[in-house]
Every structure is written in structure tokens, then in C-alpha cells.
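Student: Contents are mmCIF, C-alpha atoms; file name entry09.cif:
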```
data_upload
loop_
_atom_site.label_atom_id
_atom_site.label_comp_id
_atom_site.auth_asym_id
_atom_site.auth_seq_id
_atom_site.Cartn_x
_atom_site.Cartn_y
_atom_site.Cartn_z
CA MET A 1 94.76 79.51 121.41
CA ASN A 2 94.79 77.41 118.25
CA TYR A 3 94.62 79.45 115.06
CA PRO A 4 93.92 78.03 111.57
CA PHE A 5 97.23 79.45 110.30
CA ASP A 6 100.91 79.44 111.24
CA THR A 7 101.55 82.07 113.93
CA VAL A 8 105.26 81.42 114.56
CA GLY A 9 107.14 84.74 114.65
CA LEU A 10 104.04 86.88 114.08
CA ASN A 11 103.22 89.84 116.27
CA SER A 12 99.83 90.14 117.96
CA GLU A 13 98.54 92.76 115.49
CA THR A 14 99.24 90.52 112.48
CA ILE A 15 97.70 87.51 114.22
CA ASP A 16 94.55 89.48 115.05
CA THR A 17 94.24 90.74 111.46
CA LEU A 18 94.68 87.27 109.97
CA ASP A 19 92.19 85.82 112.47
CA GLU A 20 89.64 88.54 111.72
CA THR A 21 90.11 87.92 107.98
CA TYR A 22 89.66 84.17 108.37
CA LYS A 23 86.50 84.61 110.45
CA LEU A 24 85.02 87.03 107.90
CA LEU A 25 85.70 84.62 105.02
CA LYS A 26 84.21 81.75 107.02
CA SER A 27 81.09 83.80 107.75
CA LYS A 28 80.51 84.39 104.03
CA PHE A 29 81.64 81.10 102.47
CA HIS A 30 81.93 77.42 103.21
CA VAL A 31 85.64 77.46 104.05
CA GLU A 32 87.81 74.44 104.93
CA LEU A 33 91.52 73.98 105.60
CA THR A 34 93.34 72.59 102.57
CA GLY A 35 96.08 70.56 104.21
CA ASN A 36 99.43 70.55 102.42
CA ILE A 37 98.97 71.77 98.83
CA ASP A 38 101.81 73.19 96.75
CA PHE A 39 100.30 76.08 94.80
CA HIS A 40 103.65 76.71 93.04
CA LEU A 41 103.63 80.40 93.95
CA GLU A 42 107.25 80.68 92.82
CA ASP A 43 106.04 80.31 89.21
CA PHE A 44 104.12 83.61 89.29
CA GLU A 45 105.70 86.85 88.13
CA VAL A 46 103.89 88.79 90.86
CA PHE A 47 106.26 87.19 93.38
CA ARG A 48 109.39 87.40 91.23
CA ASP A 49 111.06 90.19 93.20
CA CYS A 50 110.52 88.42 96.53
CA THR A 51 113.41 86.78 98.34
CA ASP A 52 111.04 84.17 99.73
CA VAL A 53 107.31 83.41 99.62
CA ASN A 54 105.67 81.19 102.23
CA LEU A 55 102.13 80.09 102.97
CA ARG A 56 100.91 80.92 106.47
CA GLY A 57 97.49 79.46 105.79
CA SER A 58 95.48 78.09 102.86
CA TYR A 59 91.76 77.49 102.65
CA VAL A 60 89.45 75.95 100.11
CA ILE A 61 86.30 77.92 99.34
CA LYS A 62 83.71 75.32 98.43
CA ASN A 63 81.81 76.15 95.26
CA PRO A 64 79.08 74.14 93.51
CA ARG A 65 80.93 74.11 90.18
CA SER A 66 84.59 74.37 91.12
CA ASP A 67 86.41 75.07 94.38
CA CYS A 68 88.71 78.07 94.78
CA TYR A 69 91.25 79.05 97.40
CA ALA A 70 92.23 81.82 99.80
CA LEU A 71 95.89 82.08 100.77
CA PHE A 72 97.63 83.91 103.61
CA VAL A 73 101.05 84.61 102.10
CA GLU A 74 104.21 85.72 103.86
CA ILE A 75 106.34 87.89 101.59
CA HIS A 76 110.04 88.32 102.35
CA LYS A 77 111.93 91.01 100.45
CA VAL A 78 115.43 92.43 100.65
CA LYS A 79 115.86 95.98 99.36
CA LYS A 80 118.66 98.48 99.06
CA ASN A 81 118.39 101.55 101.26
CA GLY A 82 119.44 104.17 98.70
CA ASN A 83 121.13 104.08 95.30
CA THR A 84 124.82 104.43 96.14
CA ARG A 85 127.42 101.65 96.27
CA SER A 86 127.63 102.06 100.04
CA SER A 87 123.87 101.81 100.53
CA SER A 88 122.85 99.27 103.14
CA LEU A 89 120.42 96.41 102.63
CA TYR A 90 117.32 95.96 104.70
CA ASP A 91 114.85 93.13 104.66
CA TYR A 92 111.24 93.01 105.71
CA TYR A 93 108.27 90.70 105.88
CA ASP A 94 104.75 91.44 104.72
CA TYR A 95 101.56 89.42 105.08
CA GLN A 96 99.07 89.45 102.24
CA THR A 97 95.92 87.69 101.07
CA TRP A 98 95.84 86.21 97.59
CA THR A 99 93.04 84.11 96.15
CA LEU A 100 93.41 81.44 93.52
CA ALA A 101 91.18 79.61 91.05
CA TYR A 102 91.67 76.79 88.58
CA LEU A 103 90.02 77.62 85.26
CA LYS A 104 88.61 75.30 82.61
CA LYS A 105 89.88 77.45 79.73
CA ASP A 106 93.56 77.77 78.90
CA PHE A 107 94.51 81.47 79.01
CA GLY A 108 98.19 80.97 78.24
CA ARG A 109 100.13 83.42 80.39
CA ALA A 110 98.48 86.72 81.19
CA LEU A 111 98.94 89.68 83.51
CA ILE A 112 96.05 92.07 84.14
CA ARG A 113 96.27 95.29 86.14
CA LEU A 114 94.90 98.81 86.09
CA GLU A 115 96.32 100.78 83.17
CA THR A 116 98.56 103.75 83.94
CA LEU A 117 99.44 106.79 81.86
CA ALA A 118 102.91 105.31 81.30
CA ASP A 119 101.30 102.17 79.89
CA LYS A 120 99.27 104.23 77.46
CA ILE A 121 102.38 106.09 76.25
CA ILE A 122 104.37 102.87 75.82
CA GLU A 123 101.46 101.35 73.92
CA LEU A 124 101.62 104.21 71.40
CA ILE A 125 105.25 103.36 70.65
CA HIS A 126 105.35 99.60 71.19
CA PRO A 127 101.93 97.94 70.84
CA VAL A 128 102.25 94.98 73.22
CA GLU A 129 98.92 95.07 75.01
CA LEU A 130 95.90 92.90 74.21
CA ASP A 131 92.92 95.17 73.53
CA PHE A 132 89.29 94.21 73.00
CA GLU A 133 87.77 96.35 70.27
CA GLU A 134 84.26 95.35 71.31
CA ASP A 135 84.91 96.29 74.96
CA LYS A 136 86.53 99.72 75.00
CA ALA A 137 85.67 100.32 78.67
CA PHE A 138 87.64 97.25 79.73
CA SER A 139 90.60 98.03 77.47
CA ASP A 140 90.72 101.64 78.68
CA THR A 141 90.74 100.48 82.31
CA PHE A 142 93.02 97.45 82.34
CA TYR A 143 96.46 96.70 80.98
CA VAL A 144 96.54 93.14 79.64
CA LEU A 145 99.84 91.47 78.75
CA VAL A 146 99.70 87.99 77.22
CA ASN A 147 102.05 85.51 75.58
CA ASP A 148 99.37 83.93 73.37
CA ARG A 149 96.91 86.43 71.94
CA TRP A 150 94.63 83.76 70.43
CA LYS A 151 94.26 81.81 73.67
CA ALA A 152 93.76 84.91 75.80
CA ASP A 153 91.26 86.48 73.40
CA ALA A 154 89.23 83.27 73.32
CA ALA A 155 89.33 82.77 77.10
CA MET A 156 88.67 86.35 78.25
CA ASP A 157 85.02 86.42 77.27
CA ARG A 158 82.50 89.08 78.24
CA ASN A 159 81.57 87.37 81.54
CA PHE A 160 85.21 87.19 82.58
CA ARG A 161 85.87 90.81 81.63
CA ASN A 162 82.75 91.97 83.50
CA ALA A 163 83.96 90.22 86.66
CA VAL A 164 87.36 91.90 86.33
CA MET A 165 85.75 95.29 85.69
CA ASP A 166 83.84 95.00 88.96
CA MET A 167 87.24 94.82 90.74
CA ARG A 168 88.63 98.00 89.15
CA HIS A 169 88.27 100.06 92.35
CA GLU A 170 90.38 97.52 94.22
CA ASP A 171 93.68 98.19 92.39
CA VAL A 172 94.28 94.47 91.98
CA VAL A 173 96.80 92.46 90.01
CA ILE A 174 95.66 89.29 88.26
CA GLU A 175 98.09 86.75 86.87
CA ILE A 176 97.12 83.63 84.96
CA ILE A 177 99.34 80.71 84.06
CA ASN A 178 97.40 78.52 81.66
CA HIS A 179 94.54 77.26 83.86
CA THR A 180 95.61 78.84 87.17
CA LEU A 181 94.52 82.36 88.18
CA ILE A 182 95.79 84.29 91.18
CA ILE A 183 94.61 87.72 92.28
CA GLY A 184 95.78 90.09 95.01
CA HIS A 185 96.71 93.64 95.91
CA GLY A 186 100.31 93.27 97.01
CA LYS A 187 99.19 95.14 100.15
CA PRO A 188 99.04 94.05 103.80
CA VAL A 189 96.14 91.81 104.77
CA SER A 190 92.78 93.53 105.14
CA PRO A 191 89.60 91.58 105.98
CA GLU A 192 87.42 93.64 103.63
CA ARG A 193 89.84 93.49 100.69
CA SER A 194 90.32 89.77 101.28
CA LEU A 195 86.57 89.25 101.11
CA HIS A 196 86.41 91.06 97.76
CA LEU A 197 89.19 88.83 96.41
CA ALA A 198 87.35 85.73 97.58
CA GLU A 199 84.11 86.93 96.02
CA PHE A 200 85.91 87.44 92.73
CA VAL A 201 87.39 83.92 92.49
CA ALA A 202 84.09 82.41 93.64
CA ARG A 203 82.35 84.29 90.83
CA ILE A 204 84.99 83.23 88.30
CA CYS A 205 84.72 79.58 89.37
CA SER A 206 80.96 79.67 88.98
CA MET A 207 81.26 80.54 85.29
CA CYS A 208 84.74 79.67 83.97
#
```
Take the structure from the file and write it as C-alpha cells.

Tutor:
Amino acid sequence: MNYPFDTVGLNSETIDTLDETYKLLKSKFHVELTGNIDFHLEDFEVFRDCTDVNLRGSYVIKNPRSDCYALFVEIHKVKKNGNTRSSSLYDYYDYQTWTLAYLKKDFGRALIRLETLADKIIELIHPVELDFEEDKAFSDTFYVLVNDRWKADAAMDRNFRNAVMDMRHEDVVIEIINHTLIIGHGKPVSPERSLHLAEFVARICSMC
């Protein structure tokens, strides 16, 4: 059977999950294969602790204003089994969905995730987070780290923040490098979660 993604080395359960995810996305959007596109995933901090990151499949989601993308990503990590000098190393592979959009506004570099109690405590001591005084609900929910406060403040308008707020139950991580946004969970592929990610970038592309 010909699948629209690379199946080499994958077990049947992973293949079935990826296939189910692809079919769900295709049922909801106009989805096409991208061909060979380098999305420069190695530039994103969300993949910094990975030994290797590979695309198993990439798809363009056609949008009237601006296309966006769904990516099947293979994550390879090597971790230490314990904290002693004699601890052994083990490596593992994970398969995740990330979606990507190219934005008209320049956000600088930004990382957005749900805010934790530890974040709130650190913020009291070292104020590094970008807060929006006019949008307390967003600032109380999400932790926003930026390298250019002026750019990020100008780019993260109310429409953008509302779209992010609607994803708060998904426990997502959003990273933006200038005009490129990527969003994911860092969790194994799930058709339903993948659909929510695709809906988010499609919404962002329709207005940003």
C-alpha cells in the first residue's frame, strides 16, 4: 500500500495512526503533498534537545489568503537512564504532528506556552515575560518569552491572542522565528490533536 508519508522502519501502529491523521486532515481541509521543502526545523528551540529531527511527511493546507502546513515529524532523542556517572544511555524515537504558518508580521523570536506556578514565581524575581496589560486573561494563562518586546507587542494583536487562547486546553507550545510560526504538543501523534493544530494555523493564516 502506498502511503503519503515515509513508512520505512515504522511499526504498524504508528503507520495506522499517521494514516488516520492524514485522512482526517484531508477530510477537513484541501490538503496536498508539499514535495521537498526545507522547513529549517533545526532552527527552533522546541527541537533543541533532540539528537535528530526528520520529516516523515509534509502537507500544504490550502487557504484563500495564505497556505499553511502540517508536518509529521520524527523525533530522535538520547537520554541518560539515571543521574550517576555509570548511568546508561538509551535512545528512542517519537512521532509527532506540528503545524506551521508563515506570517505577514515580524514577531521577532517568541515562545508561547501555558504558564506554570514556577513561571509566576520566577517572574516575581526576574521580570522577563511579555505581559499585555489590556488582556489579563491571556497574560495569566500563557507564558510569553520574546527577544524584541516592541515587535512582539505590535504583532500579537487581539485577534492573534484570541486564537491562542482558544488552544489553552491543548497544552501546546508555540514558537515564532520572525515570520515563521510552529505549534505542537511534543506528544505522540493523535488525529484529533493534529486537527486542532491544523485549525489553529488555518485560522492564523486567514487573519495574520

Student: Tell me which protein, DNA and RNA residues are within 10 Å of range 150-167 of chain A, counting only C-alpha atoms, leaving out same-chain ones fewer than 2 positions away, and put them as a VMD selection string.

Tutor: chain A and resid 103 to 110 112 to 114 130 to 132 134 to 135 137 to 139 141 to 142 144 to 148 169 to 174 176 178 196 to 197 199 to 201 203 to 204 207 to 208

Student: Decode the PyMOL selection byres ((chain A and resi 187) around 9) for the given file into explicit residues and return them as number ranges by chain.

Tutor: A: 94-97, 184-186, 188-190

Student: Go ahead and compute the interatomic distance for CA of Tyr93 in chain A and CA of Val60 in chain A, in Å to one decimal.

Tutor: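 Computed distance, CA of Tyr93 in chain A to CA of Val60 in chain A, equals 24.6 Å.
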
Student: When distances are computed from all atoms listed in the file, which of A:Ala198, A:Ile177, A:Tyr90, A:Leu10 shows the smallest separation from Tyr22 in chain A?

Tutor: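 The shortest atom-to-atom distance to Tyr22 in chain A comes from A:Ala198.
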
Student: Counting all atoms listed in the file, find residues at most 12 Å from (85.6, 86.0, 106.9) (file frame) and give them as a ChimeraX atom specification.

Tutor: /A:17-32,59,61,70,97,190-199

Student: I'd like the interatomic distance between CA of Pro4 in chain A and CA of Gly57 in chain A, to a tenth of an Å.

Tutor: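 Interatomic distance, CA of Pro4 in chain A to CA of Gly57 in chain A: 6.9 Å.
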
Student: Distance CA of Met1 in chain A-CA of Glu13 in chain A, one decimal place?

Tutor: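 Those two atoms sit 15.0 Å apart.
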
Student: Which residue, A:Tyr143, A:Phe47, A:Phe39, A:Tyr69, has the smallest gap to Thr99 in chain A when you use only C-alpha atoms?

Tutor: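 Checking each of A:Tyr143, A:Phe47, A:Phe39, A:Tyr69 against Thr99 in chain A, counting only C-alpha atoms, the winner is A:Tyr69.
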
Student: From the list A:Ala202, A:Asn63, A:Glu42, A:Asp52, which residue is nearest Val78 in chain A when using only C-alpha atoms?

Tutor: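 Using only C-alpha atoms, Val78 in chain A sits closest to A:Asp52.
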